[in-house]
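Asks: Next comes the structure file final.tsv, holding TSV, C-alpha atoms.
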```tsv
chain	number	residue	atom	x	y	z
A	25	MET	CA	83.55	58.69	79.52
A	26	TYR	CA	83.99	57.94	83.20
A	27	ASP	CA	83.76	60.56	85.91
A	28	TYR	CA	86.71	59.07	87.78
A	29	ALA	CA	89.49	56.66	86.83
A	30	ILE	CA	91.72	55.12	89.50
A	31	ILE	CA	95.02	53.46	88.63
A	32	GLY	CA	96.03	50.73	91.07
A	33	GLY	CA	94.08	47.97	92.79
A	34	GLY	CA	95.86	48.00	96.12
A	35	ILE	CA	94.21	49.04	99.36
A	36	VAL	CA	94.73	52.78	98.76
A	37	GLY	CA	93.24	52.75	95.27
A	38	LEU	CA	90.33	50.65	96.49
A	39	SER	CA	89.76	52.97	99.44
A	40	VAL	CA	89.62	55.95	97.08
A	41	GLY	CA	87.10	54.09	94.93
A	42	MET	CA	84.99	53.22	97.96
A	43	ALA	CA	85.01	56.82	99.22
A	44	LEU	CA	84.07	58.16	95.78
A	45	SER	CA	81.24	55.65	95.39
A	46	GLN	CA	79.86	56.54	98.82
A	47	ARG	CA	79.96	60.30	98.31
A	48	HIS	CA	78.95	60.29	94.65
A	49	PRO	CA	76.76	57.20	94.13
A	50	ASP	CA	75.64	58.42	90.69
A	51	ALA	CA	79.18	58.94	89.39
A	52	SER	CA	80.78	56.48	86.98
A	53	ILE	CA	83.99	55.01	88.41
A	54	LEU	CA	86.68	52.89	86.75
A	55	LEU	CA	89.53	51.20	88.64
A	56	VAL	CA	92.26	49.53	86.58
A	57	GLU	CA	94.77	47.01	87.90
A	58	LYS	CA	97.50	45.43	85.80
A	59	GLU	CA	97.54	42.15	87.76
A	60	PRO	CA	94.96	39.36	87.41
A	61	GLU	CA	93.88	39.92	91.04
A	62	LEU	CA	93.61	42.89	93.37
A	63	SER	CA	96.04	43.61	96.20
A	64	LEU	CA	98.84	41.31	95.06
A	65	HIS	CA	101.74	43.61	95.93
A	66	GLN	CA	102.22	45.80	99.03
A	67	THR	CA	98.69	45.24	100.35
A	68	GLY	CA	98.88	41.46	100.11
A	69	ARG	CA	102.48	41.12	101.24
A	70	ASN	CA	102.68	43.15	104.44
A	71	SER	CA	102.69	42.02	108.05
A	72	GLY	CA	99.05	42.94	108.65
A	73	VAL	CA	99.66	45.39	111.49
A	74	ILE	CA	97.08	48.03	112.36
A	75	HIS	CA	99.61	50.67	113.35
A	76	SER	CA	99.16	53.16	116.17
A	77	GLY	CA	101.22	56.02	114.73
A	78	ILE	CA	103.81	56.18	117.50
A	79	TYR	CA	106.85	56.46	115.23
A	80	TYR	CA	105.80	59.42	113.10
A	81	LYS	CA	106.76	63.04	113.48
A	82	PRO	CA	104.12	64.92	115.51
A	83	GLY	CA	101.98	67.04	113.23
A	84	SER	CA	102.84	65.02	110.12
A	85	LEU	CA	100.22	63.55	107.83
A	86	LYS	CA	101.41	60.05	108.75
A	87	ALA	CA	100.98	60.70	112.48
A	88	GLU	CA	97.51	62.18	112.03
A	89	LEU	CA	96.20	59.62	109.56
A	90	ALA	CA	97.70	56.63	111.39
A	91	ARG	CA	95.99	57.58	114.65
A	92	THR	CA	92.56	58.28	113.14
A	93	GLY	CA	93.03	55.54	110.55
A	94	ASN	CA	93.64	52.99	113.29
A	95	GLN	CA	90.27	53.84	114.82
A	96	GLN	CA	88.55	53.82	111.42
A	97	MET	CA	90.06	50.46	110.46
A	98	VAL	CA	89.01	48.77	113.71
A	99	ALA	CA	85.49	50.21	113.39
A	100	PHE	CA	85.28	49.09	109.75
A	101	CYS	CA	86.35	45.55	110.65
A	102	LYS	CA	83.75	45.37	113.41
A	103	GLU	CA	81.02	46.69	111.10
A	104	HIS	CA	81.78	44.24	108.30
A	105	GLY	CA	82.68	41.18	110.35
A	106	ILE	CA	86.35	41.13	109.34
A	107	GLU	CA	88.44	39.15	111.80
A	108	HIS	CA	91.00	41.31	113.61
A	109	ASP	CA	92.73	41.55	116.96
A	110	VAL	CA	93.66	44.72	118.87
A	111	CYS	CA	96.39	42.87	120.74
A	112	GLY	CA	98.73	45.78	121.47
A	113	LYS	CA	102.48	45.75	121.09
A	114	VAL	CA	105.55	46.20	123.23
A	115	ILE	CA	108.65	48.14	122.19
A	116	VAL	CA	111.65	46.74	124.02
A	117	ALA	CA	115.08	48.12	124.91
A	118	THR	CA	117.74	45.44	125.34
A	119	SER	CA	120.72	47.65	126.25
A	120	GLU	CA	121.38	50.76	128.34
A	121	ASP	CA	122.12	52.94	125.32
A	122	GLU	CA	118.57	52.30	124.09
A	123	ARG	CA	116.91	53.70	127.23
A	124	PRO	CA	117.00	57.37	126.16
A	125	LEU	CA	115.80	56.40	122.67
A	126	LEU	CA	112.89	54.51	124.23
A	127	GLU	CA	112.10	57.56	126.39
A	128	ASN	CA	112.08	59.74	123.26
A	129	LEU	CA	109.71	57.30	121.58
A	130	TYR	CA	107.41	57.34	124.62
A	131	ASN	CA	107.32	61.14	124.50
A	132	ARG	CA	106.57	61.07	120.78
A	133	GLY	CA	103.68	58.71	121.41
A	134	ARG	CA	102.25	61.11	123.98
A	135	GLN	CA	102.67	64.01	121.55
A	136	ASN	CA	100.76	61.96	118.99
A	137	GLN	CA	97.91	61.58	121.51
A	138	LEU	CA	98.35	57.85	122.02
A	139	ALA	CA	97.66	55.93	125.21
A	140	VAL	CA	101.25	54.70	125.36
A	141	GLU	CA	102.49	53.45	128.72
A	142	LYS	CA	105.81	52.64	130.33
A	143	ILE	CA	105.83	49.14	131.74
A	144	SER	CA	108.12	47.38	134.19
A	145	VAL	CA	110.24	44.38	133.29
A	146	ASP	CA	107.88	42.24	135.38
A	147	THR	CA	104.90	43.49	133.35
A	148	LEU	CA	106.82	42.87	130.12
A	149	ASN	CA	107.44	39.30	131.29
A	150	ASP	CA	103.73	38.88	132.04
A	151	ILE	CA	102.85	40.02	128.50
A	152	GLU	CA	105.73	38.31	126.70
A	153	PRO	CA	107.34	35.72	129.01
A	154	HIS	CA	110.11	34.79	126.57
A	155	VAL	CA	111.23	38.31	125.68
A	156	ASN	CA	114.47	39.66	127.11
A	157	GLY	CA	114.49	43.40	127.86
A	158	ILE	CA	115.63	45.96	130.40
A	159	ALA	CA	112.87	48.50	129.68
A	160	ALA	CA	109.74	48.64	127.57
A	161	ILE	CA	106.69	50.62	126.58
A	162	ARG	CA	103.32	49.26	125.55
A	163	VAL	CA	101.07	50.63	122.81
A	164	PRO	CA	97.64	49.07	123.40
A	165	SER	CA	95.94	50.41	120.24
A	166	THR	CA	98.13	48.40	117.83
A	167	GLY	CA	96.36	45.46	116.21
A	168	ILE	CA	96.49	42.94	113.39
A	169	VAL	CA	94.26	42.14	110.41
A	170	ASP	CA	94.45	40.54	106.97
A	171	TYR	CA	94.45	43.55	104.65
A	172	ARG	CA	93.53	41.46	101.62
A	173	GLN	CA	90.23	40.68	103.32
A	174	VAL	CA	89.73	44.38	104.00
A	175	SER	CA	90.49	45.14	100.34
A	176	GLU	CA	87.97	42.56	99.17
A	177	VAL	CA	85.25	44.34	101.13
A	178	PHE	CA	86.33	47.71	99.68
A	179	ALA	CA	86.05	46.21	96.17
A	180	GLU	CA	82.61	44.74	96.88
A	181	MET	CA	81.38	48.12	98.06
A	182	ILE	CA	82.64	49.82	94.88
A	183	GLN	CA	80.94	47.26	92.67
A	184	LYS	CA	77.66	47.39	94.60
A	185	LYS	CA	77.52	51.11	93.74
A	186	GLY	CA	78.05	50.34	90.06
A	187	GLY	CA	81.80	50.91	89.87
A	188	ASN	CA	83.81	49.00	87.27
A	189	ILE	CA	86.99	47.15	88.32
A	190	ALA	CA	89.16	46.02	85.40
A	191	VAL	CA	91.99	43.60	86.22
A	192	ASN	CA	94.65	42.52	83.70
A	193	THR	CA	94.60	46.14	82.52
A	194	GLU	CA	97.98	47.87	82.45
A	195	VAL	CA	98.30	51.57	81.79
A	196	LYS	CA	100.85	52.22	79.06
A	197	ASN	CA	100.44	55.98	78.71
A	198	VAL	CA	98.43	58.90	80.07
A	199	VAL	CA	97.32	61.79	77.86
A	200	THR	CA	95.77	64.91	79.36
A	201	GLY	CA	93.16	66.62	77.18
A	202	ASN	CA	91.29	69.88	77.64
A	203	ASP	CA	88.39	68.28	79.48
A	204	HIS	CA	89.45	64.70	80.10
A	205	ILE	CA	92.25	62.22	80.81
A	206	GLU	CA	92.96	59.41	78.34
A	207	LEU	CA	94.33	56.14	79.69
A	208	GLN	CA	96.02	54.07	77.03
A	209	THR	CA	96.12	50.45	78.21
A	210	ASN	CA	96.77	46.96	76.88
A	211	ASN	CA	92.96	46.61	76.76
A	212	GLY	CA	92.25	49.76	74.82
A	213	LYS	CA	91.66	53.39	75.69
A	214	PHE	CA	89.57	54.74	78.55
A	215	TYR	CA	88.48	58.34	79.10
A	216	SER	CA	87.77	60.05	82.38
A	217	ARG	CA	87.10	63.53	83.67
A	218	PHE	CA	89.51	62.99	86.58
A	219	MET	CA	92.28	60.49	87.41
A	220	ILE	CA	93.72	59.29	90.72
A	221	ASN	CA	97.10	57.57	90.51
A	222	CYS	CA	97.53	54.97	93.26
A	223	GLY	CA	100.15	52.97	91.40
A	224	GLY	CA	102.27	52.04	94.42
A	225	LEU	CA	105.63	50.73	93.24
A	226	LEU	CA	105.00	52.29	89.83
A	227	SER	CA	103.32	55.52	90.94
A	228	ASP	CA	106.24	57.75	89.95
A	229	ARG	CA	106.25	56.26	86.45
A	230	VAL	CA	102.53	56.86	86.06
A	231	ALA	CA	103.09	60.47	87.15
A	232	ALA	CA	105.87	60.77	84.57
A	233	MET	CA	103.49	59.48	81.87
A	234	ALA	CA	101.22	62.38	82.79
A	235	ASN	CA	104.17	64.82	82.52
A	236	VAL	CA	104.16	65.52	86.26
A	237	LYS	CA	107.57	66.30	87.76
A	238	THR	CA	107.74	64.85	91.25
A	239	ASP	CA	111.39	65.47	92.31
A	240	MET	CA	111.38	61.95	93.75
A	241	LYS	CA	111.80	58.37	92.66
A	242	ILE	CA	110.41	55.13	94.01
A	243	VAL	CA	113.26	52.95	95.27
A	244	PRO	CA	112.15	49.37	96.07
A	245	PHE	CA	113.32	47.85	99.35
A	246	ARG	CA	112.62	44.17	99.88
A	247	GLY	CA	111.54	43.15	103.36
A	248	GLU	CA	112.71	39.58	103.95
A	249	TYR	CA	110.99	37.60	106.67
A	250	TYR	CA	111.34	34.35	108.51
A	251	GLU	CA	108.55	32.74	110.48
A	252	LEU	CA	108.54	30.63	113.61
A	253	LYS	CA	107.85	26.96	113.03
A	254	PRO	CA	104.45	25.91	114.42
A	255	ASP	CA	105.83	24.28	117.57
A	256	LYS	CA	107.65	27.50	118.50
A	257	ARG	CA	104.83	30.01	117.99
A	258	HIS	CA	104.13	30.04	121.73
A	259	LEU	CA	107.32	32.09	122.17
A	260	VAL	CA	105.53	35.24	120.91
A	261	HIS	CA	102.10	36.26	122.21
A	262	SER	CA	101.44	39.51	120.31
A	263	LEU	CA	103.77	42.09	118.69
A	264	VAL	CA	107.32	42.74	119.85
A	265	TYR	CA	109.31	45.63	118.35
A	266	PRO	CA	112.85	46.94	118.89
A	267	VAL	CA	113.79	50.52	119.65
A	268	PRO	CA	114.39	51.99	116.17
A	269	ASN	CA	117.96	52.84	115.21
A	270	PRO	CA	117.93	56.63	114.64
A	271	ASP	CA	120.77	56.26	112.12
A	272	PHE	CA	118.83	53.88	109.86
A	273	PRO	CA	115.47	54.63	108.25
A	274	PHE	CA	113.81	51.27	108.95
A	275	LEU	CA	112.35	49.76	112.11
A	276	GLY	CA	114.60	46.74	112.49
A	277	VAL	CA	113.78	43.09	113.16
A	278	HIS	CA	110.49	42.61	114.99
A	279	PHE	CA	108.02	39.85	115.83
A	280	THR	CA	104.48	39.93	114.47
A	281	LYS	CA	101.65	37.56	115.27
A	282	MET	CA	99.43	37.10	112.19
A	283	MET	CA	95.71	36.48	111.96
A	284	ASP	CA	96.32	32.94	110.68
A	285	GLY	CA	98.44	32.08	113.72
A	286	ARG	CA	101.83	32.43	112.10
A	287	VAL	CA	104.54	34.56	113.71
A	288	LEU	CA	106.67	36.59	111.31
A	289	ILE	CA	110.20	37.68	112.25
A	290	GLY	CA	111.88	40.45	110.30
A	291	PRO	CA	112.29	42.14	108.06
A	292	ASN	CA	115.74	42.56	106.69
A	293	ALA	CA	115.44	45.69	104.57
A	294	VAL	CA	117.56	45.26	101.44
A	295	LEU	CA	117.58	46.95	98.08
A	296	SER	CA	115.53	45.09	95.48
A	297	PHE	CA	116.95	44.92	91.97
A	298	LYS	CA	113.43	44.86	90.57
A	299	ARG	CA	110.42	47.04	91.43
A	300	GLU	CA	108.36	43.95	92.15
A	301	GLY	CA	111.26	41.69	93.06
A	302	TYR	CA	110.34	39.36	95.89
A	303	LYS	CA	113.26	36.94	95.54
A	304	LYS	CA	116.98	37.56	95.93
A	305	THR	CA	117.44	36.40	92.34
A	306	ASP	CA	114.86	38.79	90.84
A	307	PHE	CA	116.48	41.30	88.50
A	308	HIS	CA	115.20	43.84	85.99
A	309	ALA	CA	117.79	45.81	84.05
A	310	LYS	CA	115.73	49.01	83.71
A	311	ASP	CA	114.73	49.02	87.38
A	312	PHE	CA	118.30	48.32	88.50
A	313	MET	CA	119.91	50.99	86.35
A	314	GLU	CA	117.25	53.53	87.26
A	315	THR	CA	118.06	53.09	90.95
A	316	MET	CA	121.84	52.89	90.57
A	317	THR	CA	122.07	56.03	88.46
A	318	TYR	CA	119.73	58.10	90.64
A	319	PRO	CA	121.75	60.69	92.58
A	320	GLY	CA	119.38	60.47	95.53
A	321	PHE	CA	120.05	56.75	95.96
A	322	LEU	CA	123.82	57.18	95.73
A	323	LYS	CA	123.68	59.80	98.48
A	324	LEU	CA	121.45	57.59	100.65
A	325	ALA	CA	123.72	54.57	100.16
A	326	ALA	CA	126.81	56.54	101.13
A	327	LYS	CA	125.12	57.86	104.27
A	328	ASN	CA	123.82	54.44	105.41
A	329	MET	CA	126.58	52.19	104.10
A	330	SER	CA	127.40	50.52	107.43
A	331	GLU	CA	123.82	49.65	108.41
A	332	GLY	CA	123.00	48.69	104.83
A	333	LEU	CA	125.85	46.20	104.74
A	334	LYS	CA	124.64	44.69	108.03
A	335	GLU	CA	121.18	44.22	106.52
A	336	MET	CA	122.69	42.58	103.43
A	337	PHE	CA	124.84	40.28	105.59
A	338	ARG	CA	121.82	39.16	107.61
A	339	SER	CA	119.96	38.60	104.34
A	340	TYR	CA	122.48	35.97	103.26
A	341	ASN	CA	123.55	34.65	106.66
A	342	LYS	CA	120.87	32.97	108.73
A	343	HIS	CA	123.19	32.69	111.74
A	344	ALA	CA	123.70	36.47	111.80
A	345	PHE	CA	119.94	37.01	111.52
A	346	VAL	CA	119.29	34.67	114.46
A	347	LYS	CA	121.89	36.46	116.58
A	348	GLU	CA	119.87	39.66	116.12
A	349	VAL	CA	116.67	37.77	116.99
A	350	GLN	CA	118.25	36.36	120.15
A	351	ARG	CA	118.77	39.86	121.55
A	352	PHE	CA	115.04	39.76	122.22
A	353	ILE	CA	114.14	36.07	122.48
A	354	PRO	CA	117.19	33.96	123.45
A	355	ASP	CA	115.21	30.71	123.14
A	356	ILE	CA	114.97	30.98	119.34
A	357	ASN	CA	117.55	28.97	117.41
A	358	GLU	CA	118.29	28.55	113.71
A	359	ASP	CA	116.24	25.35	113.53
A	360	ASP	CA	113.19	27.18	114.93
A	361	ILE	CA	112.62	29.48	111.94
A	362	GLN	CA	111.92	29.03	108.25
A	363	PRO	CA	111.78	31.48	105.31
A	364	ALA	CA	108.50	33.34	104.79
A	365	GLU	CA	107.09	35.38	101.93
A	366	ALA	CA	108.90	38.67	101.29
A	367	GLY	CA	107.39	42.05	100.50
A	368	VAL	CA	108.67	45.10	98.65
A	369	ARG	CA	108.21	48.58	100.07
A	370	ALA	CA	107.63	51.41	97.59
A	371	GLN	CA	109.75	54.08	99.25
A	372	ALA	CA	110.01	57.51	97.65
A	373	LEU	CA	113.49	58.99	97.69
A	374	GLY	CA	114.26	62.65	97.09
A	375	GLU	CA	117.04	63.93	94.86
A	376	ALA	CA	119.07	65.03	97.88
A	377	GLY	CA	119.14	61.45	99.20
A	378	GLN	CA	116.39	61.84	101.79
A	379	LEU	CA	113.75	59.18	102.34
A	380	LEU	CA	110.40	60.95	102.25
A	381	ASP	CA	109.07	60.72	105.79
A	382	ASP	CA	105.50	61.66	104.97
A	383	PHE	CA	102.86	60.68	102.45
A	384	ALA	CA	103.32	62.51	99.14
A	385	ILE	CA	100.04	63.40	97.44
A	386	ILE	CA	100.52	65.61	94.38
A	387	PRO	CA	97.48	67.36	92.86
A	388	THR	CA	97.19	68.68	89.31
A	389	GLU	CA	94.21	70.17	87.48
A	390	ARG	CA	92.74	66.84	86.39
A	391	ALA	CA	94.58	64.32	88.53
A	392	ILE	CA	95.92	63.45	91.96
A	393	HIS	CA	99.10	61.38	92.22
A	394	VAL	CA	99.72	59.36	95.39
A	395	CYS	CA	103.49	59.01	95.06
A	396	ASN	CA	104.59	57.96	98.52
A	397	ALA	CA	102.28	55.77	100.56
A	398	PRO	CA	104.28	53.09	102.37
A	399	SER	CA	103.47	51.97	105.90
A	400	PRO	CA	101.18	52.99	107.60
A	401	ALA	CA	99.15	53.46	104.41
A	402	ALA	CA	97.17	50.24	104.89
A	403	THR	CA	96.24	51.25	108.45
A	404	ALA	CA	95.31	54.75	107.27
A	405	SER	CA	93.74	53.68	103.98
A	406	ILE	CA	90.17	54.68	104.84
A	407	GLU	CA	91.34	58.10	106.00
A	408	ILE	CA	93.63	58.49	102.98
A	409	GLY	CA	90.74	57.69	100.67
A	410	GLN	CA	88.54	60.30	102.34
A	411	LYS	CA	91.30	62.92	102.19
A	412	ILE	CA	91.94	62.30	98.51
A	413	VAL	CA	88.24	62.61	97.72
A	414	ASP	CA	88.22	65.90	99.64
A	415	ASP	CA	90.99	67.07	97.30
A	416	VAL	CA	89.13	65.78	94.24
A	417	GLU	CA	85.99	67.68	95.21
A	418	ARG	CA	87.94	70.90	95.39
A	419	ARG	CA	88.97	70.43	91.76
A	420	ILE	CA	85.94	68.96	90.03
A	421	SER	CA	82.20	68.75	90.60
A	422	VAL	CA	80.09	65.83	89.45
```
Using the file provided, produce a representation of the structure as structure tokens.

Replies:
Amino acid sequence: MYDYAIIGGGIVGLSVGMALSQRHPDASILLVEKEPELSLHQTGRNSGVIHSGIYYKPGSLKAELARTGNQQMVAFCKEHGIEHDVCGKVIVATSEDERPLLENLYNRGRQNQLAVEKISVDTLNDIEPHVNGIAAIRVPSTGIVDYRQVSEVFAEMIQKKGGNIAVNTEVKNVVTGNDHIELQTNNGKFYSRFMINCGGLLSDRVAAMANVKTDMKIVPFRGEYYELKPDKRHLVHSLVYPVPNPDFPFLGVHFTKMMDGRVLIGPNAVLSFKREGYKKTDFHAKDFMETMTYPGFLKLAAKNMSEGLKEMFRSYNKHAFVKEVQRFIPDINEDDIQPAEAGVRAQALGEAGQLLDDFAIIPTERAIHVCNAPSPAATASIEIGQKIVDDVERRISV
């Protein structure tokens, strides 16, 4: 019997495993991942941003963990020789009606204890010469990294302490006993004194296997990206973000320099018809029907119909997407961009139709279920892992 079993080999599950192995080096740890490799889904398909925490509600778990997690992630990369770049980002208003929204965002950044600064148009042009804007703020603590490389180091640290990582191992059912948890998988049964569910896109289903009522459901949103062709990468120097639309729960099209030199543009945020559906043609009947019959989704769709239709239109119409891009960088044309790899965001949605703004971590007697950990979870992963282990220690002693 293991002391701890972790479900999910993304960056959050691996961070939990690393934190457990550091605090309890004599404990037996099992991490199971259904894929043949670690970090193939959200961790390996995001834009690689080390977020600052400017967008999140002051006092929320996201705001707190993003700020401290940013510092932890940068320190971890320095310690372990992981290539990264604290390049900063600019958030740009392109119209007069965005000025008060930008001011609100600046004030939120100050409330979240960030060194955010208002910059002049001349300074914006010095930082990003090709960007068109009438006002901007700069967030210097934002950076970039390859989170798969970070995850690989987390995994190495778990294994060096004797932890067992089992890939190609899918959990089919969870049975809670008097003094243990039983994981029934395609590779047999495993027993553990305590379980941590970091199942990402499938975390709500794992919780349901364990008979935990969450009052939420994971709804998958595909983030579709383009990238600048190599001869146009000079048009973006760091990270360029729009002022978020307060009527729509996603950030909007932005420009992200990657560690490998690529520049991503996007995403369009569209409903995925499959939990792990990275192509427009991906479809899974159970996933589709589960979303379409969920009252929370129907309420969300009704409330955001106009913006949702715009996102769908841009998804299928490259010209419309480029028109949105040209609000910020007029020099980019349709021939300058090409499709890039998409990602799927595991977004928890409440029964009343509300997108859960904060991380959702649900404790039970013998388990902890991480049921909402979208962005900035990668940034905050080290801090999230430590927090979860704090919660574990309050429930079990090894």

Asks: Nearest to Ala391 (chain A): which of A:Arg338, A:His343, A:His204, A:Lys185 is it, counting all atoms listed in the file?

Replies: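 Looking only at the distances to Ala391 (chain A), the closest residue turns out to be A:His204.
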
Asks: By how many Å are CA of Ala117 (chain A) and CA of Val346 (chain A) apart?

Replies: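 Atom-to-atom, CA of Ala117 (chain A) and CA of Val346 (chain A) are spaced 17.5 Å apart.
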
Asks: Skip Lys327 (chain A) itself and residues of its chain fewer than 3 positions away, then list as a list in words all residues within 12 Å of it, counting all atoms listed in the file.

Replies: Asp271, Phe272, Pro273, Gly320, Phe321, Leu322, Lys323, Leu324, Ser330, Glu331, Gly332, Leu333, Ala376, Gly377, Gln378 and Leu379 of chain A

Asks: For the residues in the current selection, export C-alpha atoms as a compact mmCIF listing (two decimals), keeping the file's coordinate frame.

Replies:
```txt
# COMPACT_ATOMS: atom_id res chain seq x y z
CA ASP A 271 120.77 56.26 112.12
CA PHE A 272 118.83 53.88 109.86
CA PRO A 273 115.47 54.63 108.25
CA GLY A 320 119.38 60.47 95.53
CA PHE A 321 120.05 56.75 95.96
CA LEU A 322 123.82 57.18 95.73
CA LYS A 323 123.68 59.80 98.48
CA LEU A 324 121.45 57.59 100.65
CA SER A 330 127.40 50.52 107.43
CA GLU A 331 123.82 49.65 108.41
CA GLY A 332 123.00 48.69 104.83
CA LEU A 333 125.85 46.20 104.74
CA ALA A 376 119.07 65.03 97.88
CA GLY A 377 119.14 61.45 99.20
CA GLN A 378 116.39 61.84 101.79
CA LEU A 379 113.75 59.18 102.34
```

Asks: Any chance you could tabulate, as JSON lines, the residues of region 367-415 of chain A at most 12 Å from region 163-169 of chain A with each one's nearest atom pair and distance in Å to one decimal, using all atoms listed in the file, in chain and rising number order?

Replies:
```
{"residue": "A:Pro400", "atom": "CA", "partner": "A:Thr166", "partner_atom": "CA", "distance": 11.6}
{"residue": "A:Ala402", "atom": "CA", "partner": "A:Val169", "partner_atom": "CA", "distance": 10.2}
{"residue": "A:Thr403", "atom": "CA", "partner": "A:Val169", "partner_atom": "CA", "distance": 9.5}
```

Asks: Go through A:Gly224, A:Gly157, A:Gly285, A:Pro354 one by one, measure the shortest atom-to-atom distance of each to Cys395 (chain A) using all atoms listed in the file, and give the residue with the smallest value.

Replies: A:Gly224

Asks: How many Å separate CA of Ser227 (chain A) from CA of Ser63 (chain A)?

Replies: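 Interatomic distance, CA of Ser227 (chain A) to CA of Ser63 (chain A): 14.9 Å.
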
Asks: Tell me, as an NGL selection string, which residues lie within 7 Å of Gln371 (chain A), counting all atoms listed in the file; anything in the same chain fewer than 2 positions away does not count.

Replies: :A and (242-244 or 369 or 373 or 396 or 398)
